[in-house]
Number of protein chains: 2
Amino acid sequence: MPASAVEAKQNLTAEAWAEAALDAIANGGLDAVAVEPLARSLGVTKGSFYWHFANRDALLRAALARWEQAETDDIVARIGPEPDPYARIVKLFKAANASYRAGRLYLAIAAAEDKPVVQAFVRRVSERRMNYLYDCYCALGFAPALARHWARFAYATFMGNLQIGRDTPDLMPTDAEFSEYVKLMIKTLIPRSASAVAGQDHPSFSADPVSSGATGD
Amino acid sequence: MPASAVEAKQNLTAEAWAEAALDAIANGGLDAVAVEPLARSLGVTKGSFYWHFANRDALLRAALARWEQAETDDIVARIGPEPDPYARIVKLFKAANASYRAGRLYLAIAAAEDKPVVQAFVRRVSERRMNYLYDCYCALGFAPALARHWARFAYATFMGNLQIGRDTPDLMPTDAEFSEYVKLMIKTLIPRSASAVAGQDHPSFSADPVSSGATGD
DNA sequence: GTCTATCCATACGCTTGCGTATGGATCAAG
DNA sequence: CTTGATCCATACGCAAGCGTATGGATAGAC
């Protein structure tokens, strides 16, 4: 009995292959999506793969589609039913640092933007996220031009924190210090004294939405 | 007469190979550093390469060392003789968005942090840059803990802007709007009403160091 | 002019991964 | 029990890239 990562070599699905491909991307980048190594890690051979997919590119597209779907689900599932735009940004910020794998996936996929297949996926996901932020800032009372700047600013900070957490994890604090860090960024990136927003009250602020655990997956 | 990219096939140097490797990294990522394709692009064959280098890894190390050196030179050459910490951060911000190739290089190299050879280089360069920012914020009067937070914050924004410029260039403004964007970030990332800094005067602020061209290389 | 060091070309074997072809195993239908 | 469909294994040809071995070309030393 092979005590491998795969217990029973029962029938694999195309989704299983796509998920394995995403795992490979999160670890070794896009080039790690190789048919034969993936088959080995799944406990089967290429024969299985070419039954479910036409070629390597088809697997790549399936994996990217699965990724885009997950990212889109995330953005609405985790912070969907939240009316307050301030709390929405806060939740988005926390969600961005929530999943280690999701961050690595994003960076790895974006790093291969030269491949034309990947480019479209990255653009859609990025634009969707920034548009979400843009809407939040608009809802906060910012003028469109300013809202675009703030949305880009905030999104850049998200992405940069992902990079720092991956490349120099020692420089990223944990626990209480991390909470302070996030609080500082949120306080800075969501200015309440905006030139357009009046003395509006944010009930979620008094509840301190920042200091409720942000790490872990 | 071959009107190739290389006019005369005179003697190549190891530095030429390393520079070509960096070009390859900036375009196709670390995996694009392949001996035979590089040799083709240089107008020679593998025979030349294995005269100058022991193997592919040696070239990679040479290229990364060259990159680290260039990054270190940059940080002191472009903003070295600047006493005012505020202006230092401003210059650093502008330098970060100055060279398109440098940004792509940074992202491409960082994307391969799983390779142990690369990891050390990325860590050194990143830590050096963040320490530079940390010193700036300390000089601005911030307490060490806060200075670390602000330095990380600012650095994350740098990196994120690099990503946005690479992945979704449409979402990155140009010309006057870009200037506004940079001005907003700088104004936000260098708070003058810090809890620790007194009524200190920054002569470079009245000179408006932000609005003097930041694009191009 | 010969000699030697430097730099590169050519040719070979080796590995890895892609894609195809074909057969084997399993299971449900009839 | 046979048949067909589903899922996978095995074996092959092919291309690309690494590393090595060896010889050729050029230039300066003497």
# chains A, B, ... in the order shown; residues from 1 in each chain; ligands from 1
$ select_by_dssp --residues "segment 50-196 of chain A" --states "alpha helix (DSSP H)" --output "ChimeraX atom specification"
/A:50-52,56-77,85-96,100-110,116-139,144-167,175-189
$ interface_residues --of "chain B" --to "chain C" --cutoff "12 Å" --atoms "only C-alpha atoms (C1' of nucleotides)" --output "JSON, numbers by chain"
{"B": [9, 10, 11, 12, 13, 39, 43, 44, 45, 46, 47, 48, 49, 50, 51, 52]}
$ write_last_selection --atoms "N, CA and C atoms" --output "tab-separated table (two decimals), in the first residue's frame"
chain	number	residue	atom	x	y	z
B	9	LYS	N	31.94	39.96	-33.75
B	9	LYS	CA	32.00	38.86	-32.80
B	9	LYS	C	33.37	38.82	-32.14
B	10	GLN	N	33.76	39.99	-31.68
B	10	GLN	CA	35.03	40.05	-30.97
B	10	GLN	C	34.88	39.43	-29.58
B	11	ASN	N	35.94	39.39	-28.88
B	11	ASN	CA	35.98	38.67	-27.61
B	11	ASN	C	34.95	39.19	-26.61
B	12	LEU	N	34.13	38.30	-26.15
B	12	LEU	CA	33.15	38.64	-25.13
B	12	LEU	C	33.81	38.58	-23.75
B	13	THR	N	33.25	39.35	-22.84
B	13	THR	CA	33.72	39.30	-21.46
B	13	THR	C	32.66	38.63	-20.60
B	39	ALA	N	23.62	32.42	-25.89
B	39	ALA	CA	24.72	32.41	-26.84
B	39	ALA	C	24.22	32.84	-28.22
B	43	GLY	N	25.35	36.02	-30.54
B	43	GLY	CA	26.03	35.75	-31.79
B	43	GLY	C	27.19	34.77	-31.66
B	44	VAL	N	27.22	34.01	-30.59
B	44	VAL	CA	28.28	33.01	-30.42
B	44	VAL	C	27.64	31.66	-30.10
B	45	THR	N	28.44	30.72	-29.68
B	45	THR	CA	27.91	29.40	-29.32
B	45	THR	C	28.27	29.09	-27.86
B	46	LYS	N	27.84	27.93	-27.42
B	46	LYS	CA	28.10	27.54	-26.05
B	46	LYS	C	29.59	27.49	-25.74
B	47	GLY	N	30.37	27.20	-26.76
B	47	GLY	CA	31.82	27.12	-26.57
B	47	GLY	C	32.37	28.36	-25.89
B	48	SER	N	31.83	29.49	-26.27
B	48	SER	CA	32.28	30.73	-25.63
B	48	SER	C	31.87	30.76	-24.16
B	49	PHE	N	30.61	30.41	-23.91
B	49	PHE	CA	30.12	30.49	-22.53
B	49	PHE	C	30.97	29.67	-21.57
B	50	TYR	N	31.19	28.41	-21.95
B	50	TYR	CA	31.88	27.53	-21.02
B	50	TYR	C	33.37	27.84	-20.93
B	51	TRP	N	33.81	28.81	-21.68
B	51	TRP	CA	35.16	29.32	-21.47
B	51	TRP	C	35.15	30.32	-20.31
B	52	HIS	N	34.08	31.16	-20.27
B	52	HIS	CA	34.02	32.22	-19.25
B	52	HIS	C	33.41	31.74	-17.94
$ interface_residues --of "chain D" --to "chain B" --cutoff "12 Å" --atoms "only C-alpha atoms (C1' of nucleotides)" --output "VMD selection string"
chain D and resid 16 to 23 26
$ closest_atom_pairs --of "chain A" --to "chain B" --cutoff "10 Å" --atoms "only C-alpha atoms" --output "tab-separated table"
residue	atom	partner	partner_atom	distance
A:Asn27	CA	B:Asp114	CA	7.7
A:Gly28	CA	B:Asp114	CA	7.1
A:Gly29	CA	B:Ala112	CA	7.9
A:Asp31	CA	B:Asp31	CA	8.5
A:Arg104	CA	B:Ala111	CA	9.5
A:Leu107	CA	B:Ala111	CA	7.2
A:Ala108	CA	B:Ala111	CA	6.6
A:Ile109	CA	B:Ala111	CA	9.7
A:Ala110	CA	B:Asp167	CA	6.7
A:Ala111	CA	B:Ala111	CA	6.4
A:Ala112	CA	B:Gly29	CA	7.9
A:Glu113	CA	B:Asp167	CA	6.5
A:Asp114	CA	B:Gly28	CA	7.1
A:Lys115	CA	B:Gly28	CA	9.0
A:Gln119	CA	B:Asp167	CA	7.5
A:Ala120	CA	B:Asp167	CA	9.7
A:Val122	CA	B:Asp167	CA	7.0
A:Arg123	CA	B:Thr168	CA	5.9
A:Arg124	CA	B:Thr168	CA	9.1
A:Ser126	CA	B:Thr168	CA	7.3
A:Glu127	CA	B:Thr168	CA	7.6
A:Met130	CA	B:Leu171	CA	8.8
A:Ala145	CA	B:Glu177	CA	9.0
A:Leu146	CA	B:Tyr181	CA	8.8
A:Arg148	CA	B:Leu171	CA	8.9
A:His149	CA	B:Tyr181	CA	5.9
A:Trp150	CA	B:Leu184	CA	8.4
A:Arg152	CA	B:Leu171	CA	7.8
A:Phe153	CA	B:Met185	CA	7.0
A:Ala154	CA	B:Thr157	CA	8.1
A:Tyr155	CA	B:Gly160	CA	7.2
A:Ala156	CA	B:Gly160	CA	3.8
A:Thr157	CA	B:Thr157	CA	4.5
A:Phe158	CA	B:Gly160	CA	7.0
A:Met159	CA	B:Gly160	CA	4.8
A:Gly160	CA	B:Ala156	CA	3.7
A:Asn161	CA	B:Ala156	CA	5.2
A:Leu162	CA	B:Ala156	CA	8.2
A:Gln163	CA	B:Met159	CA	7.4
A:Ile164	CA	B:Ala156	CA	6.9
A:Gly165	CA	B:Ala156	CA	9.8
A:Arg166	CA	B:Glu113	CA	8.1
A:Asp167	CA	B:Glu113	CA	6.5
A:Thr168	CA	B:Arg123	CA	5.9
A:Pro169	CA	B:Arg123	CA	9.3
A:Asp170	CA	B:Arg123	CA	9.5
A:Leu171	CA	B:Arg152	CA	7.8
A:Met172	CA	B:Arg152	CA	8.0
A:Pro173	CA	B:His149	CA	9.0
A:Glu177	CA	B:Ala145	CA	9.0
A:Phe178	CA	B:His149	CA	9.1
A:Glu180	CA	B:His149	CA	8.5
A:Tyr181	CA	B:His149	CA	5.9
A:Val182	CA	B:His149	CA	9.2
A:Leu184	CA	B:His149	CA	7.9
A:Met185	CA	B:Phe153	CA	7.0
A:Thr188	CA	B:Thr188	CA	7.0
A:Leu189	CA	B:Thr188	CA	8.1
A:Pro191	CA	B:Thr188	CA	9.5
$ closest_residue --among "A:Val33, A:Val117, A:Leu105, A:Val90" --to "Arg61 of chain A" --atoms "only C-alpha atoms"
A:Val117
$ atom_distance --atom1 "atom CA of Leu92 of chain A" --atom2 "atom CA of Leu133 of chain A"
8.6 Å
$ atom_distance --atom1 "atom CA of Ala18 of chain A" --atom2 "atom CA of Ala24 of chain B"
29.3 Å
$ atom_distance --atom1 "atom CA of Ser41 of chain A" --atom2 "atom CA of Leu64 of chain A"
19.6 Å
